Structure formats: structure tokens, C-alpha cells
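Enquirer: Sharing start_39.txt, compact mmCIF, N, CA and C atoms:
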```
# COMPACT_ATOMS: atom_id res chain seq x y z
N MET A 197 -3.24 13.52 -4.83
CA MET A 197 -3.45 12.57 -3.76
C MET A 197 -2.89 11.20 -4.13
N LEU A 198 -3.17 10.68 -5.33
CA LEU A 198 -2.77 9.34 -5.71
C LEU A 198 -2.32 9.31 -7.17
N SER A 199 -1.19 8.67 -7.42
CA SER A 199 -0.76 8.41 -8.79
C SER A 199 -0.44 6.93 -8.89
N HIS A 200 -0.40 6.41 -10.12
CA HIS A 200 -0.14 4.98 -10.28
C HIS A 200 0.65 4.72 -11.55
N SER A 201 1.34 3.58 -11.54
CA SER A 201 2.05 3.10 -12.72
C SER A 201 2.11 1.58 -12.64
N LEU A 202 2.40 0.96 -13.76
CA LEU A 202 2.54 -0.49 -13.80
C LEU A 202 3.99 -0.79 -14.16
N ASP A 203 4.69 -1.47 -13.27
CA ASP A 203 6.10 -1.78 -13.46
C ASP A 203 6.27 -3.30 -13.41
N ARG A 204 6.46 -3.94 -14.56
CA ARG A 204 6.64 -5.39 -14.65
C ARG A 204 5.53 -6.16 -13.94
N ASP A 205 4.29 -5.82 -14.21
CA ASP A 205 3.10 -6.43 -13.62
C ASP A 205 2.97 -6.18 -12.12
N VAL A 206 3.67 -5.16 -11.63
CA VAL A 206 3.50 -4.70 -10.26
C VAL A 206 2.83 -3.33 -10.33
N LEU A 207 1.65 -3.23 -9.74
CA LEU A 207 0.94 -1.96 -9.70
C LEU A 207 1.53 -1.11 -8.58
N VAL A 208 2.11 0.02 -8.94
CA VAL A 208 2.74 0.92 -7.97
C VAL A 208 1.81 2.11 -7.76
N LEU A 209 1.32 2.24 -6.54
CA LEU A 209 0.40 3.32 -6.17
C LEU A 209 1.12 4.26 -5.21
N THR A 210 1.22 5.52 -5.58
CA THR A 210 1.90 6.49 -4.73
C THR A 210 0.87 7.42 -4.11
N VAL A 211 0.82 7.42 -2.78
CA VAL A 211 -0.06 8.31 -2.03
C VAL A 211 0.77 9.54 -1.69
N HIS A 212 0.45 10.66 -2.32
CA HIS A 212 1.26 11.87 -2.17
C HIS A 212 0.92 12.66 -0.92
N ASP A 213 -0.31 12.59 -0.47
CA ASP A 213 -0.75 13.36 0.70
C ASP A 213 -1.50 12.46 1.65
N ASP A 214 -1.40 12.79 2.93
CA ASP A 214 -2.20 12.07 3.91
C ASP A 214 -3.67 12.38 3.68
N VAL A 215 -4.50 11.44 4.05
CA VAL A 215 -5.94 11.68 3.98
C VAL A 215 -6.48 11.79 5.40
N ASP A 216 -7.55 12.53 5.53
CA ASP A 216 -8.21 12.60 6.82
C ASP A 216 -9.37 11.60 6.81
N ALA A 217 -10.13 11.60 7.87
CA ALA A 217 -11.22 10.64 7.98
C ALA A 217 -12.23 10.79 6.84
N ASP A 218 -12.43 12.02 6.36
CA ASP A 218 -13.39 12.24 5.27
C ASP A 218 -12.87 11.73 3.92
N GLY A 219 -11.55 11.73 3.72
CA GLY A 219 -10.99 11.33 2.44
C GLY A 219 -10.63 9.87 2.31
N ARG A 220 -10.70 9.14 3.41
CA ARG A 220 -10.24 7.74 3.34
C ARG A 220 -11.13 6.87 2.47
N GLY A 221 -12.42 7.13 2.46
CA GLY A 221 -13.33 6.35 1.61
C GLY A 221 -13.02 6.55 0.13
N THR A 222 -12.76 7.80 -0.24
CA THR A 222 -12.41 8.12 -1.62
C THR A 222 -11.10 7.46 -2.02
N LEU A 223 -10.10 7.55 -1.14
CA LEU A 223 -8.80 6.94 -1.44
C LEU A 223 -8.94 5.42 -1.58
N TYR A 224 -9.66 4.79 -0.66
CA TYR A 224 -9.83 3.34 -0.75
C TYR A 224 -10.54 2.94 -2.04
N THR A 225 -11.57 3.68 -2.42
CA THR A 225 -12.31 3.38 -3.65
C THR A 225 -11.40 3.49 -4.86
N ARG A 226 -10.59 4.55 -4.92
CA ARG A 226 -9.69 4.72 -6.07
C ARG A 226 -8.67 3.59 -6.14
N ILE A 227 -8.11 3.22 -4.98
CA ILE A 227 -7.12 2.14 -4.97
C ILE A 227 -7.77 0.81 -5.32
N SER A 228 -8.91 0.51 -4.72
CA SER A 228 -9.55 -0.79 -4.98
C SER A 228 -9.99 -0.90 -6.44
N ASP A 229 -10.44 0.20 -7.03
CA ASP A 229 -10.81 0.18 -8.45
C ASP A 229 -9.59 -0.14 -9.32
N LEU A 230 -8.44 0.45 -9.00
CA LEU A 230 -7.22 0.18 -9.76
C LEU A 230 -6.77 -1.27 -9.59
N VAL A 231 -6.80 -1.76 -8.36
CA VAL A 231 -6.37 -3.13 -8.09
C VAL A 231 -7.28 -4.12 -8.82
N GLN A 232 -8.58 -3.93 -8.71
CA GLN A 232 -9.51 -4.86 -9.35
C GLN A 232 -9.51 -4.71 -10.87
N GLY A 233 -9.25 -3.51 -11.37
CA GLY A 233 -9.22 -3.30 -12.81
C GLY A 233 -7.97 -3.83 -13.47
N CYS A 234 -6.83 -3.67 -12.81
CA CYS A 234 -5.54 -4.12 -13.39
C CYS A 234 -5.24 -5.59 -13.11
N ARG A 235 -5.71 -6.08 -11.96
CA ARG A 235 -5.41 -7.45 -11.52
C ARG A 235 -3.92 -7.78 -11.69
N PRO A 236 -3.05 -6.98 -11.07
CA PRO A 236 -1.61 -7.23 -11.19
C PRO A 236 -1.21 -8.43 -10.35
N SER A 237 0.03 -8.88 -10.52
CA SER A 237 0.52 -9.98 -9.68
C SER A 237 0.89 -9.47 -8.29
N ALA A 238 1.19 -8.17 -8.19
CA ALA A 238 1.55 -7.58 -6.90
C ALA A 238 1.21 -6.09 -6.92
N VAL A 239 1.03 -5.54 -5.71
CA VAL A 239 0.76 -4.12 -5.54
C VAL A 239 1.76 -3.57 -4.54
N VAL A 240 2.30 -2.39 -4.84
CA VAL A 240 3.16 -1.67 -3.90
C VAL A 240 2.52 -0.31 -3.66
N ILE A 241 2.28 0.01 -2.40
CA ILE A 241 1.79 1.33 -2.03
C ILE A 241 2.97 2.12 -1.49
N VAL A 242 3.24 3.25 -2.10
CA VAL A 242 4.33 4.13 -1.68
C VAL A 242 3.71 5.31 -0.94
N LEU A 243 4.13 5.49 0.31
CA LEU A 243 3.66 6.63 1.10
C LEU A 243 4.74 7.70 1.03
N ASP A 244 4.44 8.78 0.32
CA ASP A 244 5.41 9.85 0.08
C ASP A 244 5.65 10.73 1.30
N GLY A 245 4.63 10.97 2.08
CA GLY A 245 4.72 11.92 3.18
C GLY A 245 5.60 11.44 4.32
N GLN A 246 6.05 12.39 5.12
CA GLN A 246 6.86 12.07 6.30
C GLN A 246 5.99 11.60 7.46
N SER A 247 4.73 11.86 7.38
CA SER A 247 3.84 11.40 8.44
C SER A 247 2.63 10.75 7.80
N ALA A 248 2.09 9.78 8.48
CA ALA A 248 0.89 9.12 7.98
C ALA A 248 -0.17 9.17 9.07
N LEU A 249 -1.29 9.73 8.74
CA LEU A 249 -2.38 9.78 9.69
C LEU A 249 -2.99 8.39 9.83
N SER A 250 -3.68 8.19 10.92
CA SER A 250 -4.29 6.88 11.14
C SER A 250 -5.28 6.54 10.03
N ALA A 251 -5.89 7.55 9.41
CA ALA A 251 -6.82 7.28 8.31
C ALA A 251 -6.08 6.67 7.12
N THR A 252 -4.89 7.18 6.81
CA THR A 252 -4.10 6.63 5.70
C THR A 252 -3.67 5.21 6.01
N VAL A 253 -3.23 4.97 7.22
CA VAL A 253 -2.83 3.62 7.63
C VAL A 253 -4.04 2.69 7.57
N GLY A 254 -5.20 3.17 7.97
CA GLY A 254 -6.42 2.36 7.88
C GLY A 254 -6.74 1.96 6.45
N VAL A 255 -6.53 2.87 5.51
CA VAL A 255 -6.76 2.55 4.09
C VAL A 255 -5.80 1.46 3.64
N VAL A 256 -4.53 1.57 4.03
CA VAL A 256 -3.53 0.56 3.65
C VAL A 256 -3.95 -0.81 4.18
N LEU A 257 -4.42 -0.87 5.40
CA LEU A 257 -4.83 -2.15 5.98
C LEU A 257 -6.07 -2.71 5.28
N ARG A 258 -6.99 -1.85 4.88
CA ARG A 258 -8.16 -2.32 4.11
C ARG A 258 -7.74 -2.85 2.75
N VAL A 259 -6.78 -2.18 2.11
CA VAL A 259 -6.28 -2.65 0.82
C VAL A 259 -5.59 -4.00 0.99
N GLN A 260 -4.89 -4.19 2.11
CA GLN A 260 -4.24 -5.48 2.37
C GLN A 260 -5.28 -6.59 2.43
N ARG A 261 -6.38 -6.34 3.10
CA ARG A 261 -7.44 -7.36 3.17
C ARG A 261 -8.02 -7.65 1.78
N LEU A 262 -8.22 -6.61 0.97
CA LEU A 262 -8.70 -6.79 -0.40
C LEU A 262 -7.73 -7.63 -1.21
N CYS A 263 -6.45 -7.28 -1.15
CA CYS A 263 -5.44 -8.01 -1.92
C CYS A 263 -5.35 -9.46 -1.45
N CYS A 264 -5.51 -9.68 -0.18
CA CYS A 264 -5.48 -11.04 0.36
C CYS A 264 -6.63 -11.86 -0.23
N ARG A 265 -7.81 -11.28 -0.29
CA ARG A 265 -8.97 -11.98 -0.87
C ARG A 265 -8.76 -12.28 -2.35
N LEU A 266 -8.06 -11.38 -3.06
CA LEU A 266 -7.83 -11.55 -4.49
C LEU A 266 -6.58 -12.37 -4.81
N GLY A 267 -5.82 -12.73 -3.78
CA GLY A 267 -4.59 -13.49 -4.01
C GLY A 267 -3.46 -12.65 -4.59
N ILE A 268 -3.45 -11.36 -4.26
CA ILE A 268 -2.44 -10.43 -4.76
C ILE A 268 -1.53 -10.01 -3.62
N LEU A 269 -0.23 -10.08 -3.85
CA LEU A 269 0.76 -9.67 -2.85
C LEU A 269 0.74 -8.15 -2.70
N LEU A 270 0.72 -7.65 -1.46
CA LEU A 270 0.79 -6.21 -1.20
C LEU A 270 2.02 -5.91 -0.38
N SER A 271 2.76 -4.89 -0.80
CA SER A 271 3.89 -4.36 -0.04
C SER A 271 3.69 -2.86 0.10
N VAL A 272 4.33 -2.30 1.12
CA VAL A 272 4.26 -0.87 1.36
C VAL A 272 5.68 -0.33 1.45
N ALA A 273 5.91 0.83 0.85
CA ALA A 273 7.20 1.52 0.95
C ALA A 273 6.97 2.86 1.62
N ALA A 274 7.75 3.10 2.68
CA ALA A 274 7.68 4.38 3.39
C ALA A 274 9.09 4.75 3.83
N ALA A 275 9.56 5.89 3.39
CA ALA A 275 10.92 6.32 3.73
C ALA A 275 11.04 6.69 5.20
N SER A 276 9.96 7.11 5.79
CA SER A 276 9.97 7.56 7.18
C SER A 276 9.88 6.38 8.15
N ALA A 277 10.87 6.28 9.03
CA ALA A 277 10.88 5.21 10.03
C ALA A 277 9.66 5.28 10.95
N PRO A 278 9.24 6.47 11.42
CA PRO A 278 8.04 6.51 12.25
C PRO A 278 6.79 6.01 11.52
N VAL A 279 6.69 6.27 10.23
CA VAL A 279 5.55 5.78 9.45
C VAL A 279 5.61 4.26 9.35
N ARG A 280 6.80 3.71 9.11
CA ARG A 280 6.94 2.25 9.05
C ARG A 280 6.55 1.61 10.38
N ARG A 281 6.98 2.21 11.49
CA ARG A 281 6.61 1.67 12.81
C ARG A 281 5.11 1.74 13.03
N LEU A 282 4.49 2.84 12.62
CA LEU A 282 3.04 2.97 12.76
C LEU A 282 2.31 1.90 11.96
N LEU A 283 2.77 1.66 10.74
CA LEU A 283 2.18 0.60 9.91
C LEU A 283 2.34 -0.77 10.57
N GLU A 284 3.55 -1.06 11.06
CA GLU A 284 3.80 -2.35 11.70
C GLU A 284 2.91 -2.54 12.92
N THR A 285 2.82 -1.52 13.75
CA THR A 285 2.01 -1.61 14.97
C THR A 285 0.55 -1.84 14.64
N ASN A 286 0.02 -1.08 13.70
CA ASN A 286 -1.40 -1.23 13.35
C ASN A 286 -1.68 -2.54 12.64
N ALA A 287 -0.76 -3.00 11.81
CA ALA A 287 -0.95 -4.29 11.12
C ALA A 287 -0.97 -5.43 12.14
N GLU A 288 -0.04 -5.39 13.08
CA GLU A 288 0.01 -6.44 14.11
C GLU A 288 -1.26 -6.43 14.95
N ALA A 289 -1.75 -5.25 15.30
CA ALA A 289 -2.96 -5.14 16.11
C ALA A 289 -4.17 -5.72 15.39
N CYS A 290 -4.16 -5.66 14.06
CA CYS A 290 -5.27 -6.20 13.26
C CYS A 290 -5.03 -7.64 12.83
N GLY A 291 -3.87 -8.19 13.19
CA GLY A 291 -3.55 -9.56 12.79
C GLY A 291 -3.21 -9.69 11.31
N ILE A 292 -2.69 -8.62 10.72
CA ILE A 292 -2.36 -8.60 9.29
C ILE A 292 -0.85 -8.69 9.11
N ARG A 293 -0.42 -9.55 8.21
CA ARG A 293 1.00 -9.66 7.84
C ARG A 293 1.24 -8.70 6.70
N LEU A 294 2.02 -7.66 6.95
CA LEU A 294 2.26 -6.62 5.96
C LEU A 294 3.75 -6.52 5.69
N VAL A 295 4.13 -6.54 4.41
CA VAL A 295 5.53 -6.40 4.00
C VAL A 295 5.81 -4.91 3.84
N ILE A 296 6.77 -4.41 4.62
CA ILE A 296 7.07 -2.98 4.64
C ILE A 296 8.53 -2.76 4.29
N HIS A 297 8.78 -1.84 3.35
CA HIS A 297 10.13 -1.51 2.92
C HIS A 297 10.39 -0.02 3.14
N ALA A 298 11.68 0.33 3.20
CA ALA A 298 12.06 1.74 3.34
C ALA A 298 12.13 2.44 1.98
N ARG A 299 12.37 1.68 0.93
CA ARG A 299 12.55 2.28 -0.41
C ARG A 299 11.57 1.67 -1.40
N ALA A 300 11.05 2.51 -2.28
CA ALA A 300 10.08 2.05 -3.28
C ALA A 300 10.70 1.09 -4.28
N ASP A 301 11.92 1.37 -4.73
CA ASP A 301 12.54 0.49 -5.73
C ASP A 301 12.78 -0.90 -5.18
N THR A 302 13.15 -0.99 -3.91
CA THR A 302 13.34 -2.29 -3.27
C THR A 302 12.00 -3.01 -3.15
N ALA A 303 10.96 -2.28 -2.79
CA ALA A 303 9.64 -2.88 -2.66
C ALA A 303 9.14 -3.44 -3.99
N VAL A 304 9.34 -2.69 -5.07
CA VAL A 304 8.89 -3.14 -6.40
C VAL A 304 9.69 -4.37 -6.84
N ALA A 305 11.01 -4.32 -6.69
CA ALA A 305 11.85 -5.46 -7.10
C ALA A 305 11.51 -6.71 -6.30
N THR A 306 11.31 -6.56 -5.00
CA THR A 306 10.98 -7.70 -4.15
C THR A 306 9.60 -8.25 -4.50
N ALA A 307 8.64 -7.36 -4.73
CA ALA A 307 7.29 -7.81 -5.09
C ALA A 307 7.30 -8.55 -6.42
N TYR A 308 8.06 -8.04 -7.38
CA TYR A 308 8.15 -8.69 -8.69
C TYR A 308 8.75 -10.08 -8.56
N THR A 309 9.82 -10.19 -7.80
CA THR A 309 10.49 -11.48 -7.60
C THR A 309 9.58 -12.47 -6.87
N ALA A 310 8.90 -11.99 -5.83
CA ALA A 310 8.03 -12.87 -5.05
C ALA A 310 6.82 -13.34 -5.85
N ALA A 311 6.32 -12.49 -6.73
CA ALA A 311 5.13 -12.85 -7.50
C ALA A 311 5.45 -13.69 -8.73
N ALA A 312 6.70 -13.68 -9.16
CA ALA A 312 7.09 -14.40 -10.38
C ALA A 312 7.10 -15.90 -10.18
```
Once more with this new file: its structure as C-alpha cells, please.
Expert:
Amino acid sequence: MLSHSLDRDVLVLTVHDDVDADGRGTLYTRISDLVQGCRPSAVVIVLDGQSALSATVGVVLRVQRLCCRLGILLSVAAASAPVRRLLETNAEACGIRLVIHARADTAVATAYTAAA
């Protein structure tokens, strides 16, 4: 479901599978524990799947609010254009400014540069 690595003080979290409504609490807890434990300068969430359920998008938006409170930059990488549009639409509806990239390497490099 989730893997992580630290790349130049950027915490890279890869969500391998979509979560349903029952799994979103577990996913959020795992991500928030990593963010609070590592206290990186930036976080990048990579969505591997071609589709993202609303529960997965909801977790990303909750993580954005957490990172905002902690003063940590959050970016999201999603190769799928429909997933990026879904993220943009939901972020705008919640009044959240979310940085979204098509490629994970671009997201990590940009996050590192912005946080430096």
C-alpha cells in the first residue's frame, strides 16, 4: 500500500494501491506518522495507480493540511492526467493550494529546490 524513502531531505511517499473508505484512516495515520517522525523539509506523495478513488484524494488533502500546519511543503506526483484533474478539482473545492506534477522525479527536484 505505501512505501517511503528520503531523498535529499524530501520524504517521498509512494501510494501503490488505492484505498477505500475503510483504509483511508490507516493510510493517513501511516503517512502522518512518517511526516511527523522524519520532519523533512518537503514531502512528495507519488500516486502509482491509474485511478485514484475519492478516499485516496481525501487522504492527500488531509496530509496537505497537516503539512501546512507543520510548515512543510507538500507536492503530489501522478502520471495519470485524470488523477491530476481529480486532485486539482478537489483541492480547489476545499480551498487548498496543492502542487501537482506528472512525474515523481520532477516533483522531488522541485520540492528540494523550493525547500532549500
Enquirer: Tell me, as a list in words, which residues lie within 8 Å of segment 263-270 of chain A, counting all atoms listed in the file; anything in the same chain fewer than 6 positions away does not count.
Expert: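 Counting all atoms listed in the file, the residues come to Val231, Arg235, Pro236, Ser237, Ala238, Val239, Val240, Ile241, Leu257, Arg293, Leu294, Val295, Ile296, Ala307, Ala310 and Ala311 of chain A.
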Enquirer: Skip Leu283 of chain A itself and residues of its chain fewer than 5 positions away, then list as a PDB file with N, CA and C atoms, in the frame of the given file all residues within 10 Å of it, counting only C-alpha atoms.
Expert:
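Below is the file out19.pdb, written as the result:
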```pdb
ATOM      1  N   ALA A 248       2.090   9.780   8.480  1.00  0.00           N
ATOM      2  CA  ALA A 248       0.890   9.120   7.980  1.00  0.00           C
ATOM      3  C   ALA A 248      -0.170   9.170   9.070  1.00  0.00           C
ATOM      4  N   SER A 250      -3.680   8.190  10.920  1.00  0.00           N
ATOM      5  CA  SER A 250      -4.290   6.880  11.140  1.00  0.00           C
ATOM      6  C   SER A 250      -5.280   6.540  10.030  1.00  0.00           C
ATOM      7  N   THR A 252      -4.890   7.180   6.810  1.00  0.00           N
ATOM      8  CA  THR A 252      -4.100   6.630   5.700  1.00  0.00           C
ATOM      9  C   THR A 252      -3.670   5.210   6.010  1.00  0.00           C
ATOM     10  N   VAL A 253      -3.230   4.970   7.220  1.00  0.00           N
ATOM     11  CA  VAL A 253      -2.830   3.620   7.630  1.00  0.00           C
ATOM     12  C   VAL A 253      -4.040   2.690   7.570  1.00  0.00           C
ATOM     13  N   GLY A 254      -5.200   3.170   7.970  1.00  0.00           N
ATOM     14  CA  GLY A 254      -6.420   2.360   7.880  1.00  0.00           C
ATOM     15  C   GLY A 254      -6.740   1.960   6.450  1.00  0.00           C
ATOM     16  N   VAL A 256      -4.530   1.570   4.030  1.00  0.00           N
ATOM     17  CA  VAL A 256      -3.530   0.560   3.650  1.00  0.00           C
ATOM     18  C   VAL A 256      -3.950  -0.810   4.180  1.00  0.00           C
ATOM     19  N   LEU A 257      -4.420  -0.870   5.400  1.00  0.00           N
ATOM     20  CA  LEU A 257      -4.830  -2.150   5.980  1.00  0.00           C
ATOM     21  C   LEU A 257      -6.070  -2.710   5.280  1.00  0.00           C
ATOM     22  N   VAL A 272       4.330  -2.300   1.120  1.00  0.00           N
ATOM     23  CA  VAL A 272       4.260  -0.870   1.360  1.00  0.00           C
ATOM     24  C   VAL A 272       5.680  -0.330   1.450  1.00  0.00           C
ATOM     25  N   ALA A 274       7.750   3.100   2.680  1.00  0.00           N
ATOM     26  CA  ALA A 274       7.680   4.380   3.390  1.00  0.00           C
ATOM     27  C   ALA A 274       9.090   4.750   3.830  1.00  0.00           C
ATOM     28  N   ALA A 277      10.870   6.280   9.030  1.00  0.00           N
ATOM     29  CA  ALA A 277      10.880   5.210  10.030  1.00  0.00           C
ATOM     30  C   ALA A 277       9.660   5.280  10.950  1.00  0.00           C
ATOM     31  N   PRO A 278       9.240   6.470  11.420  1.00  0.00           N
ATOM     32  CA  PRO A 278       8.040   6.510  12.250  1.00  0.00           C
ATOM     33  C   PRO A 278       6.790   6.010  11.520  1.00  0.00           C
ATOM     34  N   GLU A 288      -0.040  -5.390  13.080  1.00  0.00           N
ATOM     35  CA  GLU A 288       0.010  -6.440  14.110  1.00  0.00           C
ATOM     36  C   GLU A 288      -1.260  -6.430  14.950  1.00  0.00           C
ATOM     37  N   ALA A 289      -1.750  -5.250  15.300  1.00  0.00           N
ATOM     38  CA  ALA A 289      -2.960  -5.140  16.110  1.00  0.00           C
ATOM     39  C   ALA A 289      -4.170  -5.720  15.390  1.00  0.00           C
ATOM     40  N   LEU A 294       2.020  -7.660   6.950  1.00  0.00           N
ATOM     41  CA  LEU A 294       2.260  -6.620   5.960  1.00  0.00           C
ATOM     42  C   LEU A 294       3.750  -6.520   5.690  1.00  0.00           C
ATOM     43  N   VAL A 295       4.130  -6.540   4.410  1.00  0.00           N
ATOM     44  CA  VAL A 295       5.530  -6.400   4.000  1.00  0.00           C
ATOM     45  C   VAL A 295       5.810  -4.910   3.840  1.00  0.00           C
ATOM     46  N   ILE A 296       6.770  -4.410   4.620  1.00  0.00           N
ATOM     47  CA  ILE A 296       7.070  -2.980   4.640  1.00  0.00           C
ATOM     48  C   ILE A 296       8.530  -2.760   4.290  1.00  0.00           C
TER      49      ILE A 296
END
```
Enquirer: Within 7 Å of Ala251 of chain A, counting only C-alpha atoms, which residues show up once you throw out same-chain ones fewer than 2 positions away? Write them as an mmCIF file with N, CA and C atoms, keeping the file's coordinate frame, please.
Expert:
```cif
data_model
loop_
_atom_site.group_PDB
_atom_site.id
_atom_site.type_symbol
_atom_site.label_atom_id
_atom_site.label_comp_id
_atom_site.auth_asym_id
_atom_site.auth_seq_id
_atom_site.Cartn_x
_atom_site.Cartn_y
_atom_site.Cartn_z
ATOM 1 N N VAL A 215 -4.500 11.440 4.050
ATOM 2 C CA VAL A 215 -5.940 11.680 3.980
ATOM 3 C C VAL A 215 -6.480 11.790 5.400
ATOM 4 N N ASP A 216 -7.550 12.530 5.530
ATOM 5 C CA ASP A 216 -8.210 12.600 6.820
ATOM 6 C C ASP A 216 -9.370 11.600 6.810
ATOM 7 N N ALA A 217 -10.130 11.600 7.870
ATOM 8 C CA ALA A 217 -11.220 10.640 7.980
ATOM 9 C C ALA A 217 -12.230 10.790 6.840
ATOM 10 N N ARG A 220 -10.700 9.140 3.410
ATOM 11 C CA ARG A 220 -10.240 7.740 3.340
ATOM 12 C C ARG A 220 -11.130 6.870 2.470
ATOM 13 N N LEU A 249 -1.290 9.730 8.740
ATOM 14 C CA LEU A 249 -2.380 9.780 9.690
ATOM 15 C C LEU A 249 -2.990 8.390 9.830
ATOM 16 N N VAL A 253 -3.230 4.970 7.220
ATOM 17 C CA VAL A 253 -2.830 3.620 7.630
ATOM 18 C C VAL A 253 -4.040 2.690 7.570
ATOM 19 N N GLY A 254 -5.200 3.170 7.970
ATOM 20 C CA GLY A 254 -6.420 2.360 7.880
ATOM 21 C C GLY A 254 -6.740 1.960 6.450
ATOM 22 N N VAL A 255 -6.530 2.870 5.510
ATOM 23 C CA VAL A 255 -6.760 2.550 4.090
ATOM 24 C C VAL A 255 -5.800 1.460 3.640
#
```
Enquirer: Taking only C-alpha atoms into account, which of A:His200, A:Arg261, A:His212, A:Arg299 comes nearest Ile227 of chain A?
Expert: A:His200
Enquirer: Which of these residues is nearest to Val242 of chain A, using all atoms listed in the file: A:Arg280, A:Leu262, A:Leu230, A:Ala273?
Expert: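 The answer is A:Ala273, which sits nearest to Val242 of chain A.
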Enquirer: Report, in Å to a single decimal, how far apart atom CA of Gly219 of chain A and atom CA of Gly233 of chain A are.
Expert: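 Separation between atom CA of Gly233 of chain A and atom CA of Gly219 of chain A: 21.2 Å.
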Enquirer: As an MDAnalysis selection string, please: all residues of segment 244-282 of chain A that backbone DSSP puts in alpha helix (DSSP H).
Expert: chainID A and resid 250:266 277:282
